[in-house]
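Student: First the structure, then my questions, so here it is.
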Amino acid sequence: MAALTVETTAVPVHGAATEKVATATRVASAAGAGSVRFEKLGKIYRSAAGAVNALEDIDLEIPAGRVYGIIGRSGAGKSSLLRTINRLETPTSGRVLVDGQDIGRFDEDALVELRRRLGMIFQHFNLLSAKTVRENVALPLVVAGVPKKQIAERVDEVLALVGLEGKHNVYPSRLSGGQKQRVGIARALVHKPEILLCDEATSALDPETTLSILKLLKDINRSLGLTIILITHEMSVIREICENVLVLEQGRIAEEGPVWQVFGAPKHDATRALLRPLSRDLPEDIAARLQPQPVAGGEAVLELHYTGGESAGPDLSCLASALGTSVRLLHGTIDRIQGHAQGTLLVAARGVSESNLEALKGHVGSARILGHVASDV
Ligand SMILES: Nc1ncnc2c1ncn2[C@@H]1O[C@H](COP(=O)(O)OP(=O)(O)OP(=O)(O)O)[C@@H](O)[C@H]1O
């Protein structure tokens, strides 16, 4: 987990050098504002207890405008990677490029300007309890020396954007968790950033509030064209809003790709372990009746796995004609991720053996016989 930092430490004061960098930034932005590239990135933490290899050999491009998720087991390096984007962590080796610019070469002024282009939201919101919603959201602009009238206009704008009109003068203690995170998002957007970094932004929220915050993030991504990079331990968050996902394992890239692909056909043990809570086990009553060998007059129980086909979903009559027998649906779930059907179905069919499974090619991602049952399950 990233250490909590008060955002406003990163807010710059206007100055000539900053303006120069800002111009350079706008030029870079025109070529695709909000892209991040990691090149051979490594991070070693050294302490009295020894060295920790937190990140190794990270080569990755996050295109502008994406909603991009980073997952991995605890200690895999997620926070470390996220924090190299705004240089809260300095890489030990390699480079981070934001909009094609090597941020490792930035001087203090350029760094301050960079951090304006990168909003960040946190699990525990990081609001100042002695300040009202308006004051919390305005703070980065106050520190930047923006005139009062402009601050008032911008604060009104972002509070409306996050659905908090009328809450200007409320203190954070009077807000729900979801409302606090909306204030956090408004504050992160106040400088009109290109990229929003989210560190476990919904982990402290209940499922319903999580969904409303995810919807807000998705709306912001669509309406403002903002790149969103989030780390989370909630796979449902990735499934809900991310287009791409990176799986980190012990500081290295385990796999990366579109969510429907990585979740539909995980290649790495780390991914499978992370996805286990989403998968459903074989129901106990069916498992108890499964026998390894075919049973006279009985049925085979097949597990059919869909891995992101672009079809509307499994067509059971096609399965039946491919197998040449009737098929009964026993159990299963088909989800849709980015328009791709995926999930697992358990079906029972008579007279099916391993050799028949070939016929299912083209209809399902994979099929296997789990066992056999004596009669109708
Ligand atoms: N400041 C630090 N000093 C020493 N070691 C650190 C420091 N920060 C992180 N680490 C170590 O680096 C590794 C990666 O940590 P990091 O916080 O990036 O992982 P994470 O995937 O975000 O974990 P979590 O999901 O538990 O938050 C871990 O082994 C961690 O103990």
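Chain labels follow the order of the structure tokens: the first chain is A, the next B, and so on; residue numbering restarts at 1 in every chain, and ligands are counted from 1 in their shown order.
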Dump the neighbourhood of ligand 1 as a ChimeraX atom specification: all residues within 6 Å, distances computed on only C-alpha atoms and all ligand atoms.

Tutor: /A:1,45,52,54,72-80

Student: Include C-alpha atoms and write out the residues we just selected as a PDB file, in the first residue's frame.

Tutor:
```
ATOM      1  CA  MET A   1       0.000   0.000   0.000  1.00  0.00           C
ATOM      2  CA  TYR A  45      14.770  -0.658  -1.787  1.00  0.00           C
ATOM      3  CA  VAL A  52      14.370  -5.665  -1.673  1.00  0.00           C
ATOM      4  CA  ALA A  54      10.571  -4.482  -5.710  1.00  0.00           C
ATOM      5  CA  GLY A  72      -0.754  -8.703  -8.092  1.00  0.00           C
ATOM      6  CA  ARG A  73      -0.393 -10.364  -4.738  1.00  0.00           C
ATOM      7  CA  SER A  74       0.576  -8.317  -1.709  1.00  0.00           C
ATOM      8  CA  GLY A  75       4.160  -7.111  -2.104  1.00  0.00           C
ATOM      9  CA  ALA A  76       4.193  -7.717  -5.875  1.00  0.00           C
ATOM     10  CA  GLY A  77       5.250  -4.110  -6.521  1.00  0.00           C
ATOM     11  CA  LYS A  78       1.962  -2.447  -7.541  1.00  0.00           C
ATOM     12  CA  SER A  79       2.304   0.681  -5.387  1.00  0.00           C
ATOM     13  CA  SER A  80       5.976   1.017  -6.196  1.00  0.00           C
TER      14      SER A  80
END
```

Student: Which neighbours of Thr271 (chain A) fall inside 10 Å, counting only C-alpha atoms, when residues of the same chain fewer than 6 positions from it are skipped, and could you give them as a list of chain:residue names?

Tutor: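 Here the answer would be A:Ile71, A:Gly72, A:Arg73, A:Leu246, A:Val247, A:Leu248, A:Glu249, A:Ala254, A:Glu255, A:Val262, A:Phe263, A:Ala265.
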
Student: Which one is closest to Ala300 (chain A): A:Leu357, A:Leu319, A:Leu370, A:Ala270? Count only C-alpha atoms.

Tutor: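 Nearest to Ala300 (chain A): A:Leu370.
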
Student: For Pro314 (chain A), which of A:Ile85, A:Leu60, A:Leu175, A:Val347 is the closest residue, counting only C-alpha atoms?

Tutor: A:Val347

Student: Just to confirm, what's the straight-line distance from CA of Leu282 (chain A) to CA of Gly257 (chain A) in Å (one decimal)?

Tutor: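 A separation of 28.2 Å between them.
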
Student: Would you list the contacts of Ala201 (chain A) as JSON, numbers by chain, taking every protein, DNA or RNA residue within 7 Å and counting only C-alpha atoms, but skipping same-chain residues closer than 5 positions in sequence?

Tutor: {"A": [121, 122, 123]}
